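Engineer: Sharing run_6.cif, mmCIF, C-alpha atoms and all ligand atoms:
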```cif
data_data
#
loop_
_atom_site.label_atom_id
_atom_site.label_comp_id
_atom_site.auth_asym_id
_atom_site.auth_seq_id
_atom_site.Cartn_x
_atom_site.Cartn_y
_atom_site.Cartn_z
CA MET A 1140 -26.53 -10.11 -33.76
CA LYS A 1141 -28.63 -8.11 -31.32
CA THR A 1142 -29.23 -11.22 -29.23
CA ILE A 1143 -25.52 -12.02 -29.14
CA LEU A 1144 -24.72 -8.47 -28.09
CA PHE A 1145 -27.39 -8.63 -25.42
CA ILE A 1146 -26.02 -11.90 -24.03
CA PHE A 1147 -22.50 -10.46 -24.07
CA ILE A 1148 -23.51 -7.33 -22.17
CA THR A 1149 -25.53 -9.32 -19.64
CA PHE A 1150 -22.62 -11.68 -19.06
CA SER A 1151 -20.04 -8.90 -18.61
CA PHE A 1152 -22.36 -7.33 -16.07
CA VAL A 1153 -22.92 -10.56 -14.17
CA PHE A 1154 -19.21 -11.34 -14.15
CA ALA A 1155 -18.00 -7.90 -13.02
CA PHE A 1156 -15.76 -8.83 -10.10
CA ASP A 1157 -17.36 -8.47 -6.69
CA TYR A 1158 -14.66 -7.40 -4.22
CA ASN A 1159 -17.11 -7.91 -1.37
CA LEU A 1160 -15.63 -4.92 0.47
CA LYS A 1161 -16.72 -4.33 4.05
CA PRO A 1162 -15.37 -1.27 5.85
CA GLN A 1163 -13.83 -2.01 9.25
CA LYS A 1164 -13.97 0.74 11.83
CA VAL A 1165 -10.50 1.41 13.22
CA ARG A 1166 -11.79 4.22 15.42
CA GLU A 1167 -14.48 6.92 15.27
CA ASN A 1168 -14.70 8.18 11.65
CA VAL A 1169 -11.66 6.12 10.55
CA TYR A 1170 -12.33 3.04 8.45
CA CYS A 1171 -10.31 0.63 6.32
CA PHE A 1172 -10.88 -2.13 3.82
CA PHE A 1173 -8.32 -4.81 4.66
CA GLY A 1174 -6.93 -6.81 1.74
CA LYS A 1175 -5.79 -10.41 1.62
CA LEU A 1176 -2.24 -11.36 2.64
CA GLU A 1177 -1.54 -12.74 -0.82
CA ASN A 1178 0.20 -11.98 -4.08
CA ILE A 1179 -1.93 -10.55 -6.93
CA THR A 1180 -4.06 -13.21 -8.66
CA LYS A 1181 -7.10 -13.22 -10.90
CA GLN A 1182 -8.99 -14.81 -8.00
CA ASN A 1183 -8.41 -11.84 -5.67
CA ALA A 1184 -8.40 -9.25 -8.51
CA GLY A 1185 -5.66 -7.32 -6.74
CA ASN A 1186 -7.43 -7.05 -3.39
CA ILE A 1187 -4.19 -7.55 -1.46
CA VAL A 1188 -3.93 -4.05 -0.08
CA ASN A 1189 -5.39 -1.93 2.72
CA THR A 1190 -7.20 1.24 1.75
CA CYS A 1191 -8.73 3.60 4.28
CA PHE A 1192 -10.98 6.60 4.56
CA VAL A 1193 -11.56 9.30 7.15
CA GLN A 1194 -14.94 10.94 7.48
CA THR A 1195 -15.04 14.67 8.20
CA LYS A 1196 -18.05 16.99 8.46
CA VAL A 1197 -17.84 17.98 4.81
CA GLY A 1198 -16.38 15.00 3.00
CA PHE A 1199 -14.14 11.96 2.99
CA VAL A 1200 -10.39 11.74 2.65
CA VAL A 1201 -9.27 8.44 1.12
CA ILE A 1202 -5.82 7.01 1.83
CA ASP A 1203 -4.80 4.74 -1.07
CA SER A 1204 -7.31 3.94 -3.76
CA GLY A 1205 -6.74 0.23 -4.37
CA PRO A 1206 -5.95 -1.97 -7.37
CA THR A 1207 -8.64 -1.11 -9.96
CA PHE A 1208 -11.34 1.37 -10.98
CA SER A 1209 -13.97 -1.19 -10.03
CA TYR A 1210 -12.44 -1.71 -6.54
CA ALA A 1211 -12.59 2.05 -5.91
CA ALA A 1212 -16.18 2.25 -7.20
CA GLN A 1213 -17.21 -0.52 -4.81
CA ALA A 1214 -15.33 1.11 -1.92
CA TYR A 1215 -17.11 4.39 -2.67
CA GLU A 1216 -20.47 2.64 -2.63
CA GLN A 1217 -19.71 1.30 0.86
CA MET A 1218 -18.67 4.78 2.02
CA GLN A 1219 -21.96 6.19 0.77
CA HIS A 1220 -23.80 3.72 3.06
CA ILE A 1221 -22.01 5.39 5.99
CA SER A 1222 -22.65 8.95 4.82
CA LYS A 1223 -23.65 10.61 1.57
CA LEU A 1224 -20.57 12.81 1.53
CA PRO A 1225 -18.23 13.47 -1.39
CA VAL A 1226 -14.63 12.23 -1.52
CA LYS A 1227 -12.58 15.44 -1.51
CA TYR A 1228 -9.03 14.10 -1.49
CA VAL A 1229 -7.23 10.87 -2.27
CA ILE A 1230 -3.74 10.54 -0.81
CA ASN A 1231 -1.45 7.91 -2.34
CA THR A 1232 1.16 6.63 0.11
CA HIS A 1233 3.56 5.42 -2.63
CA ASP A 1234 3.73 4.48 -6.27
CA HIS A 1235 3.21 0.69 -6.17
CA ASP A 1236 0.15 0.07 -8.28
CA ASP A 1237 -1.95 -1.95 -5.82
CA HIS A 1238 -2.24 1.33 -3.87
CA TRP A 1239 -3.32 3.84 -6.50
CA LEU A 1240 -4.99 2.31 -9.56
CA GLY A 1241 -8.39 3.30 -8.13
CA ASN A 1242 -7.43 6.96 -8.68
CA SER A 1243 -9.23 7.23 -12.03
CA PHE A 1244 -12.53 6.40 -10.33
CA TYR A 1245 -12.12 9.07 -7.63
CA LYS A 1246 -10.97 11.58 -10.24
CA SER A 1247 -14.25 10.99 -12.09
CA LYS A 1248 -16.01 11.92 -8.83
CA GLY A 1249 -14.11 15.22 -8.61
CA ALA A 1250 -11.59 14.29 -5.89
CA LEU A 1251 -8.13 15.88 -5.81
CA LEU A 1252 -5.29 13.38 -6.06
CA ILE A 1253 -2.20 13.77 -3.88
CA GLY A 1254 0.95 11.63 -3.94
CA PRO A 1255 4.73 11.41 -4.01
CA ARG A 1256 6.95 12.51 -6.89
CA THR A 1257 7.82 8.88 -7.70
CA TYR A 1258 4.19 8.40 -8.82
CA GLU A 1259 5.06 10.41 -11.93
CA ARG A 1260 7.08 7.56 -13.40
CA ASN A 1261 3.79 5.70 -13.91
CA VAL A 1262 2.23 8.46 -15.97
CA VAL A 1263 3.69 7.38 -19.29
CA ALA A 1264 1.57 6.83 -22.40
CA GLY A 1265 1.07 3.15 -23.19
CA MET A 1266 2.50 2.03 -19.85
CA LYS A 1267 1.21 -1.35 -18.64
CA THR A 1268 1.47 -1.77 -14.90
CA ARG A 1269 2.17 -5.01 -13.05
CA MET A 1270 -1.50 -5.15 -11.99
CA GLN A 1271 -2.75 -4.77 -15.55
CA LYS A 1272 -0.52 -7.62 -16.73
CA ALA A 1273 -1.58 -9.90 -13.88
CA LEU A 1274 -5.33 -9.23 -14.05
CA GLY A 1275 -5.90 -9.04 -17.78
CA LYS A 1276 -8.28 -6.86 -19.72
CA GLU A 1277 -11.55 -8.00 -18.19
CA LEU A 1278 -10.66 -7.49 -14.53
CA PHE A 1279 -8.64 -4.34 -15.21
CA GLY A 1280 -11.79 -2.96 -16.84
CA GLN A 1281 -12.09 0.84 -16.95
CA THR A 1282 -8.95 1.41 -14.87
CA LYS A 1283 -6.80 4.26 -16.18
CA ILE A 1284 -3.58 5.89 -15.14
CA VAL A 1285 -4.29 9.50 -14.21
CA LYS A 1286 -2.03 12.37 -13.15
CA LEU A 1287 -1.82 13.68 -9.61
CA ASP A 1288 -3.16 17.15 -8.80
CA THR A 1289 -0.58 17.73 -6.06
CA ILE A 1290 2.88 16.24 -5.71
CA VAL A 1291 4.32 16.14 -2.19
CA ASP A 1292 8.11 16.41 -1.96
CA ASN A 1293 8.45 16.97 1.77
CA ASN A 1294 5.42 18.15 3.72
CA PHE A 1295 1.88 19.04 2.83
CA THR A 1296 -1.08 19.68 5.12
CA ILE A 1297 -4.71 19.66 4.14
CA THR A 1298 -7.64 20.69 6.30
CA LEU A 1299 -11.11 19.39 5.61
CA GLY A 1300 -14.02 20.22 7.89
CA ASP A 1301 -12.09 20.72 11.10
CA GLU A 1302 -9.83 17.76 10.47
CA LYS A 1303 -6.13 18.17 9.74
CA PHE A 1304 -4.14 15.74 7.59
CA GLU A 1305 -0.36 16.09 7.86
CA ILE A 1306 1.30 14.42 4.90
CA LYS A 1307 5.04 13.86 5.03
CA GLN A 1308 7.81 11.97 3.30
CA ILE A 1309 9.80 10.84 6.36
CA GLU A 1310 12.68 9.10 4.56
CA SER A 1311 14.39 9.61 1.20
CA ILE A 1312 14.33 5.87 0.53
CA ALA A 1313 12.58 3.20 2.62
CA HIS A 1314 9.94 0.94 0.94
CA THR A 1315 10.34 3.11 -2.18
CA LYS A 1316 11.97 6.44 -2.97
CA GLY A 1317 8.71 8.24 -2.18
CA ASP A 1318 6.79 6.96 0.85
CA LEU A 1319 4.28 9.32 2.38
CA VAL A 1320 2.76 8.98 5.83
CA VAL A 1321 -0.52 10.67 6.73
CA PHE A 1322 -1.07 11.79 10.32
CA VAL A 1323 -4.49 12.77 11.59
CA PRO A 1324 -3.71 14.37 14.99
CA SER A 1325 -7.26 14.48 16.38
CA LYS A 1326 -7.60 10.75 15.70
CA LYS A 1327 -4.07 9.91 16.87
CA SER A 1328 -3.99 7.87 13.66
CA LEU A 1329 -0.99 7.43 11.40
CA PHE A 1330 -1.33 5.87 7.95
CA VAL A 1331 2.05 4.53 6.93
CA GLY A 1332 1.48 2.68 3.64
CA ASP A 1333 4.10 0.00 3.04
CA LEU A 1334 6.50 1.29 5.68
CA VAL A 1335 4.75 -1.29 7.87
CA PHE A 1336 3.61 -4.83 7.04
CA THR A 1337 1.94 -7.19 9.52
CA GLY A 1338 1.27 -10.92 9.07
CA ARG A 1339 3.11 -11.11 5.77
CA LEU A 1340 6.56 -10.31 4.46
CA THR A 1341 7.67 -7.30 2.45
CA SER A 1342 9.71 -6.64 -0.67
CA LEU A 1343 12.71 -4.31 -0.73
CA ARG A 1344 12.91 -4.25 -4.54
CA ASP A 1345 12.56 -0.45 -4.76
CA GLY A 1346 13.70 0.32 -1.24
CA SER A 1347 16.37 0.09 1.42
CA ILE A 1348 16.74 -1.94 4.60
CA ILE A 1349 18.59 0.89 6.38
CA GLY A 1350 15.95 3.40 5.25
CA SER A 1351 13.11 1.07 6.25
CA LEU A 1352 14.52 0.68 9.77
CA SER A 1353 15.07 4.41 10.07
CA ALA A 1354 11.49 5.06 8.91
CA LEU A 1355 10.23 2.79 11.72
CA ASP A 1356 12.04 4.98 14.28
CA LYS A 1357 10.45 8.08 12.79
CA ILE A 1358 7.04 6.43 12.89
CA ALA A 1359 7.55 5.67 16.60
CA ALA A 1360 8.27 9.37 17.21
CA TYR A 1361 4.67 10.25 16.23
CA HIS A 1362 3.39 8.39 19.33
CA ALA A 1363 0.28 7.47 17.33
CA LYS A 1364 -2.33 5.26 18.98
CA TYR A 1365 -3.30 3.74 15.65
CA ILE A 1366 -0.71 2.78 13.05
CA ILE A 1367 -2.23 1.52 9.83
CA GLY A 1368 0.03 -0.18 7.31
CA GLY A 1369 -0.53 -0.99 3.65
CA HIS A 1370 -0.78 -4.75 4.25
CA GLY A 1371 -1.86 -6.68 7.36
CA TYR A 1372 -4.45 -6.42 10.08
CA VAL A 1373 -2.73 -5.03 13.18
CA THR A 1374 -3.58 -1.34 13.64
CA ASP A 1375 -2.57 -0.42 17.20
CA GLU A 1376 0.77 0.90 18.52
CA SER A 1377 2.21 -2.61 18.33
CA ALA A 1378 1.82 -2.72 14.52
CA THR A 1379 5.50 -2.00 13.85
CA LYS A 1380 6.89 -4.55 16.31
CA GLU A 1381 6.98 -7.70 14.20
CA PHE A 1382 8.20 -5.87 11.09
CA LYS A 1383 10.99 -4.13 12.99
CA SER A 1384 12.18 -7.45 14.48
CA TYR A 1385 12.15 -9.03 11.04
CA LEU A 1386 14.18 -6.30 9.33
CA SER A 1387 16.59 -5.96 12.27
CA GLU A 1388 17.21 -9.70 12.22
CA ILE A 1389 17.89 -9.70 8.46
CA LYS A 1390 20.29 -6.79 8.88
CA LYS A 1391 22.14 -8.48 11.74
CA GLN A 1392 22.42 -11.87 10.03
CA VAL A 1393 23.36 -10.47 6.62
CA LEU A 1394 26.09 -8.26 8.14
CA LYS A 1395 27.46 -11.32 9.92
CA ALA A 1396 27.37 -13.31 6.67
CA ILE A 1397 29.32 -10.53 4.93
CA ASP A 1398 31.88 -10.54 7.76
CA ASP A 1399 32.16 -14.33 7.48
CA ASP A 1400 32.74 -14.01 3.70
CA VAL A 1401 29.54 -15.86 2.81
CA GLY A 1402 28.98 -15.22 -0.90
CA MET A 1403 25.80 -13.96 -2.50
CA GLU A 1404 24.99 -17.45 -3.84
CA LYS A 1405 24.97 -18.91 -0.31
CA VAL A 1406 23.52 -16.08 1.72
CA THR A 1407 19.81 -16.95 1.28
CA LYS A 1408 20.45 -20.42 2.72
CA LYS A 1409 22.49 -18.97 5.57
CA VAL A 1410 19.89 -16.30 6.42
CA SER A 1411 16.76 -18.46 6.02
CA MET A 1412 15.30 -17.30 9.38
CA PRO A 1413 13.00 -20.34 9.84
CA GLY A 1414 11.07 -18.59 12.62
CA TYR A 1415 9.44 -16.46 9.93
CA ARG A 1416 8.44 -19.38 7.69
CA LYS A 1417 4.88 -19.19 9.03
CA MET A 1418 4.54 -15.65 7.67
CA LYS A 1419 2.53 -15.22 4.48
CA LEU A 1420 4.57 -14.89 1.25
CA TYR A 1421 7.74 -16.19 2.94
CA ASP A 1422 8.59 -18.52 0.04
CA MET A 1423 8.10 -15.83 -2.56
CA LEU A 1424 9.76 -12.87 -0.87
CA HIS A 1425 12.17 -13.75 1.93
CA GLY A 1426 15.12 -14.95 -0.16
CA ARG A 1427 14.85 -11.98 -2.45
CA THR A 1428 14.74 -9.55 0.45
CA VAL A 1429 17.87 -11.14 1.91
CA LEU A 1430 19.63 -10.69 -1.44
CA ASP A 1431 18.51 -7.06 -1.70
CA ALA A 1432 19.73 -6.42 1.85
CA TYR A 1433 23.02 -8.17 1.06
CA GLY A 1434 23.61 -5.94 -1.97
CA GLU A 1435 22.89 -2.80 0.00
CA LEU A 1436 24.83 -3.71 3.16
CA GLU A 1437 27.83 -5.03 1.24
CA MET A 1438 28.11 -1.74 -0.61
CA MET A 1439 27.90 0.10 2.69
CA GLU A 1440 30.67 -2.05 4.19
CA ASP A 1441 32.84 -1.36 1.13
CA ASP A 1442 32.41 2.37 1.67
CA GLU A 1443 33.74 2.16 5.21
ZN ZN A 1501 1.88 -2.54 -1.27
#
```
Take the structure in the file and write it out as structure tokens.
Structural biologist:
Amino acid sequence: MKTILFIFITFSFVFAFDYNLKPQKVRENVYCFFGKLENITKQNAGNIVNTCFVQTKVGFVVIDSGPTFSYAAQAYEQMQHISKLPVKYVINTHDHDDHWLGNSFYKSKGALLIGPRTYERNVVAGMKTRMQKALGKELFGQTKIVKLDTIVDNNFTITLGDEKFEIKQIESIAHTKGDLVVFVPSKKSLFVGDLVFTGRLTSLRDGSIIGSLSALDKIAAYHAKYIIGGHGYVTDESATKEFKSYLSEIKKQVLKAIDDDVGMEKVTKKVSMPGYRKMKLYDMLHGRTVLDAYGELEMMEDDE
């Protein structure tokens, strides 16, 4: 029995998923781990998301904590190679679980967790998130759902060292009903979560096309030099360009389809936008996004 137990423990250790995280420097003291432009699979163990950290004189501030406890632990290990500083705050940009399931790790390290009110809907006993279902017990490992320490409804500013972090919900509904952006003025860096995608397509399942477009205008008003989205690799001022064109084009074509009395069953064919077929996750997400936009825009037209 002892031998079997020993073999089991050794094997679980050997097979603990290696996320192979390497921090990329976006600018001085600002780093991100960039995830794959894929859907969640057991092969990527949920590493489909960007998480970032900002180094201050007295500690780190983490923006989004990633898909699992183990991911966050491995991210933390990489941060400790840069500097042996504690993580003081973790800011969650929104409540989709690829962005915050690392929270339980940072909580165990004494960090304060900050996020939007919509996060609360996840804190339900016995709740199984999408990530947990997709990854299974082994990969999900020690991941737990933990409560936030601070809920941000509108604005919240934290200062750490001499660095300011301005947290704000800029739209009532955009990617979700609770999207926070984090602006670090001295770094001219704006972390926007899933208000911006690059290189892959988005999902509007919890959001709004009108709100998403409006959020992009508000992001532009920050005049940030670095705009870091939740998925994708472009992090300069041009980061919003492709996403804005994509959403504007959907809006334009869906409105025309509604005007031309194209029904819901035909609209995805009509608004197939072949120019975007090269984008990652097109097959999985584009048709659905068109349908979501159709539902929203049709209702708006009816109101007029
Ligand atoms: Zn996301």
Engineer: For atom CA of A:Lys1408 and atom CA of A:Leu1430, quote the distance in Å rounded to one decimal.
Structural biologist: 10.6 Å
Engineer: Contacts of A:Lys1161 at 9 Å or less, counting all atoms listed in the file, minus same-chain residues fewer than 6 places along, as a tab-separated table (two decimals) with C-alpha atoms, keeping the file's coordinate frame?
Structural biologist:
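Now in selection35.tsv:
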```
chain	number	residue	atom	x	y	z
A	1171	CYS	CA	-10.31	0.63	6.32
A	1172	PHE	CA	-10.88	-2.13	3.82
A	1173	PHE	CA	-8.32	-4.81	4.66
A	1214	ALA	CA	-15.33	1.11	-1.92
A	1217	GLN	CA	-19.71	1.30	0.86
```
Engineer: Kindly work out which residues sit at most 9 Å from ligand ZN 1501 (chain A), using all atoms listed in the file, and give the list as a ChimeraX atom specification.
Structural biologist: /A:1187-1189,1233-1238,1332-1333,1336,1341-1342,1369-1370
Engineer: May I ask which of the residues A:Tyr1433, A:Trp1239, A:Tyr1245, A:Phe1382 is the closest one to A:Glu1216, counting all atoms listed in the file?
Structural biologist: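 Of A:Tyr1433, A:Trp1239, A:Tyr1245, A:Phe1382, the one nearest A:Glu1216, counting all atoms listed in the file, is A:Tyr1245.
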Engineer: Please provide the set of residues having any atom within 9 Å of A:Asn1168, restricted to only C-alpha atoms, with same-chain residues fewer than 4 positions apart removed, written as a CSV table (one decimal) with C-alpha atoms, in the coordinates of the input.
Structural biologist:
```
chain,number,residue,atom,x,y,z
A,1164,LYS,CA,-14.0,0.7,11.8
A,1192,PHE,CA,-11.0,6.6,4.6
A,1193,VAL,CA,-11.6,9.3,7.2
A,1194,GLN,CA,-14.9,10.9,7.5
A,1195,THR,CA,-15.0,14.7,8.2
A,1326,LYS,CA,-7.6,10.8,15.7
```
Engineer: Counting only C-alpha atoms, which residues have an atom no more than 12 Å from (-3.9, -9.8, -16.0) in the file's coordinates? Please list them as a PyMOL selection string.
Structural biologist: chain A and resi 1179-1185+1206-1207+1267-1280
Engineer: Would you kindly identify which residues have an atom no farther than 10 Å from (16.7, -17.5, 5.9), using all atoms listed in the file and the file's own coordinates, and write them out as an NGL selection string?
Structural biologist: :A and (1389 or 1392-1393 or 1406-1416 or 1421 or 1425-1426 or 1428-1429)
Engineer: For a quick check of understanding, using all atoms listed in the file, which of A:Ser1384, A:Gly1254, A:Gly1350, A:Val1373 has the smallest distance to A:Leu1436?
Structural biologist: A:Gly1350
Engineer: Between A:Gln1163, A:Thr1379, A:Thr1374, A:Asn1294, which has the minimum distance to A:Ile1358 (counting all atoms listed in the file)?
Structural biologist: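 Smallest distance to A:Ile1358 is found for A:Thr1379.
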Engineer: Give me, please, the distance in Å between atom CA of A:Asp1422 and atom CA of A:Met1403, quoted to one decimal.
Structural biologist: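 One can read the atom CA of A:Asp1422 to atom CA of A:Met1403 distance as 18.0 Å.
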Engineer: Go through A:Lys1327, A:Lys1390, A:Lys1307, A:His1362 and flag the residue nearest A:Glu1167, using only C-alpha atoms for the distances.
Structural biologist: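 Result for the nearest residue to A:Glu1167: A:Lys1327.
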Engineer: Taking only C-alpha atoms into account, which of A:Glu1302, A:Glu1259, A:Asp1356, A:Glu1177 comes nearest A:Phe1199?
Structural biologist: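 The answer is A:Glu1302, which sits nearest to A:Phe1199.
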Engineer: Could you check the closest approach to A:Ala1396 for each of A:Gly1434, A:Pro1324, A:Pro1225, A:Gly1371 and tell me which residue wins, using all atoms listed in the file?
Structural biologist: A:Gly1434
Engineer: To one decimal place, how far is atom CA of A:Ile1284 from atom CA of A:Ile1202 in Å?
Structural biologist: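 It comes out at 17.2 Å.
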Engineer: Name all residues at most 12 Å from A:Lys1357 (count all atoms listed in the file; drop same-chain ones fewer than 2 positions away) and give them as a list in words.
Structural biologist: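 Those residues are Lys1307, Gln1308, Ile1309, Glu1310, Ala1313, Val1320, Leu1329, Val1331, Leu1334, Gly1350, Ser1351, Leu1352, Ser1353, Ala1354, Leu1355, Ala1359, Ala1360, Tyr1361, His1362, Ala1363 and Thr1379 of chain A.
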Engineer: Assuming the input is short of atoms at stretch 1191-1209 of chain A, produce N, CA, C and O atoms for that part as a PDB file, in the coordinates of the input.
Structural biologist:
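Result file result13.pdb:
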```
ATOM      1  N   CYS A1191      -8.004   3.057   3.126  1.00  0.00           N
ATOM      2  CA  CYS A1191      -8.730   3.600   4.280  1.00  0.00           C
ATOM      3  C   CYS A1191      -9.440   4.888   3.899  1.00  0.00           C
ATOM      4  O   CYS A1191      -9.158   5.490   2.870  1.00  0.00           O
ATOM      5  N   PHE A1192     -10.367   5.295   4.765  1.00  0.00           N
ATOM      6  CA  PHE A1192     -10.980   6.600   4.560  1.00  0.00           C
ATOM      7  C   PHE A1192     -11.337   7.222   5.905  1.00  0.00           C
ATOM      8  O   PHE A1192     -11.634   6.523   6.875  1.00  0.00           O
ATOM      9  N   VAL A1193     -11.252   8.550   5.940  1.00  0.00           N
ATOM     10  CA  VAL A1193     -11.560   9.300   7.150  1.00  0.00           C
ATOM     11  C   VAL A1193     -12.739  10.199   6.839  1.00  0.00           C
ATOM     12  O   VAL A1193     -12.744  10.914   5.834  1.00  0.00           O
ATOM     13  N   GLN A1194     -13.739  10.124   7.679  1.00  0.00           N
ATOM     14  CA  GLN A1194     -14.940  10.940   7.480  1.00  0.00           C
ATOM     15  C   GLN A1194     -14.779  12.262   8.238  1.00  0.00           C
ATOM     16  O   GLN A1194     -14.426  12.265   9.410  1.00  0.00           O
ATOM     17  N   THR A1195     -15.005  13.364   7.536  1.00  0.00           N
ATOM     18  CA  THR A1195     -15.040  14.670   8.200  1.00  0.00           C
ATOM     19  C   THR A1195     -16.458  15.215   8.032  1.00  0.00           C
ATOM     20  O   THR A1195     -17.305  14.569   7.404  1.00  0.00           O
ATOM     21  N   LYS A1196     -16.694  16.423   8.546  1.00  0.00           N
ATOM     22  CA  LYS A1196     -18.050  16.990   8.460  1.00  0.00           C
ATOM     23  C   LYS A1196     -18.466  17.276   7.021  1.00  0.00           C
ATOM     24  O   LYS A1196     -19.649  17.287   6.705  1.00  0.00           O
ATOM     25  N   VAL A1197     -17.475  17.543   6.159  1.00  0.00           N
ATOM     26  CA  VAL A1197     -17.840  17.980   4.810  1.00  0.00           C
ATOM     27  C   VAL A1197     -17.444  17.012   3.697  1.00  0.00           C
ATOM     28  O   VAL A1197     -17.765  17.234   2.530  1.00  0.00           O
ATOM     29  N   GLY A1198     -16.753  15.953   4.051  1.00  0.00           N
ATOM     30  CA  GLY A1198     -16.380  15.000   3.000  1.00  0.00           C
ATOM     31  C   GLY A1198     -15.400  13.956   3.521  1.00  0.00           C
ATOM     32  O   GLY A1198     -14.965  14.002   4.673  1.00  0.00           O
ATOM     33  N   PHE A1199     -15.079  13.028   2.641  1.00  0.00           N
ATOM     34  CA  PHE A1199     -14.140  11.960   2.990  1.00  0.00           C
ATOM     35  C   PHE A1199     -12.743  12.258   2.445  1.00  0.00           C
ATOM     36  O   PHE A1199     -12.603  12.882   1.391  1.00  0.00           O
ATOM     37  N   VAL A1200     -11.745  11.794   3.178  1.00  0.00           N
ATOM     38  CA  VAL A1200     -10.390  11.740   2.650  1.00  0.00           C
ATOM     39  C   VAL A1200     -10.015  10.264   2.549  1.00  0.00           C
ATOM     40  O   VAL A1200     -10.149   9.523   3.528  1.00  0.00           O
ATOM     41  N   VAL A1201      -9.614   9.848   1.362  1.00  0.00           N
ATOM     42  CA  VAL A1201      -9.270   8.440   1.120  1.00  0.00           C
ATOM     43  C   VAL A1201      -7.747   8.306   1.157  1.00  0.00           C
ATOM     44  O   VAL A1201      -7.028   9.140   0.598  1.00  0.00           O
ATOM     45  N   ILE A1202      -7.263   7.282   1.838  1.00  0.00           N
ATOM     46  CA  ILE A1202      -5.820   7.010   1.830  1.00  0.00           C
ATOM     47  C   ILE A1202      -5.608   5.700   1.083  1.00  0.00           C
ATOM     48  O   ILE A1202      -6.018   4.637   1.534  1.00  0.00           O
ATOM     49  N   ASP A1203      -5.022   5.803  -0.085  1.00  0.00           N
ATOM     50  CA  ASP A1203      -4.800   4.740  -1.070  1.00  0.00           C
ATOM     51  C   ASP A1203      -6.125   4.293  -1.697  1.00  0.00           C
ATOM     52  O   ASP A1203      -7.129   4.119  -1.010  1.00  0.00           O
ATOM     53  N   SER A1204      -6.062   4.127  -3.019  1.00  0.00           N
ATOM     54  CA  SER A1204      -7.310   3.940  -3.760  1.00  0.00           C
ATOM     55  C   SER A1204      -7.511   2.525  -4.286  1.00  0.00           C
ATOM     56  O   SER A1204      -8.528   2.235  -4.916  1.00  0.00           O
ATOM     57  N   GLY A1205      -6.541   1.634  -4.013  1.00  0.00           N
ATOM     58  CA  GLY A1205      -6.740   0.230  -4.370  1.00  0.00           C
ATOM     59  C   GLY A1205      -6.326  -0.120  -5.788  1.00  0.00           C
ATOM     60  O   GLY A1205      -5.805   0.711  -6.530  1.00  0.00           O
ATOM     61  N   PRO A1206      -6.561  -1.397  -6.170  1.00  0.00           N
ATOM     62  CA  PRO A1206      -5.950  -1.970  -7.370  1.00  0.00           C
ATOM     63  C   PRO A1206      -6.644  -1.715  -8.707  1.00  0.00           C
ATOM     64  O   PRO A1206      -6.032  -1.927  -9.750  1.00  0.00           O
ATOM     65  N   THR A1207      -7.924  -1.325  -8.686  1.00  0.00           N
ATOM     66  CA  THR A1207      -8.640  -1.110  -9.960  1.00  0.00           C
ATOM     67  C   THR A1207      -9.711  -0.022  -9.795  1.00  0.00           C
ATOM     68  O   THR A1207     -10.092   0.330  -8.670  1.00  0.00           O
ATOM     69  N   PHE A1208     -10.196   0.438 -10.913  1.00  0.00           N
ATOM     70  CA  PHE A1208     -11.340   1.370 -10.980  1.00  0.00           C
ATOM     71  C   PHE A1208     -12.537   0.756 -10.261  1.00  0.00           C
ATOM     72  O   PHE A1208     -13.198   1.397  -9.428  1.00  0.00           O
ATOM     73  N   SER A1209     -12.802  -0.503 -10.570  1.00  0.00           N
ATOM     74  CA  SER A1209     -13.970  -1.190 -10.030  1.00  0.00           C
ATOM     75  C   SER A1209     -13.856  -1.353  -8.503  1.00  0.00           C
ATOM     76  O   SER A1209     -14.846  -1.201  -7.769  1.00  0.00           O
TER      77      SER A1209
END
```
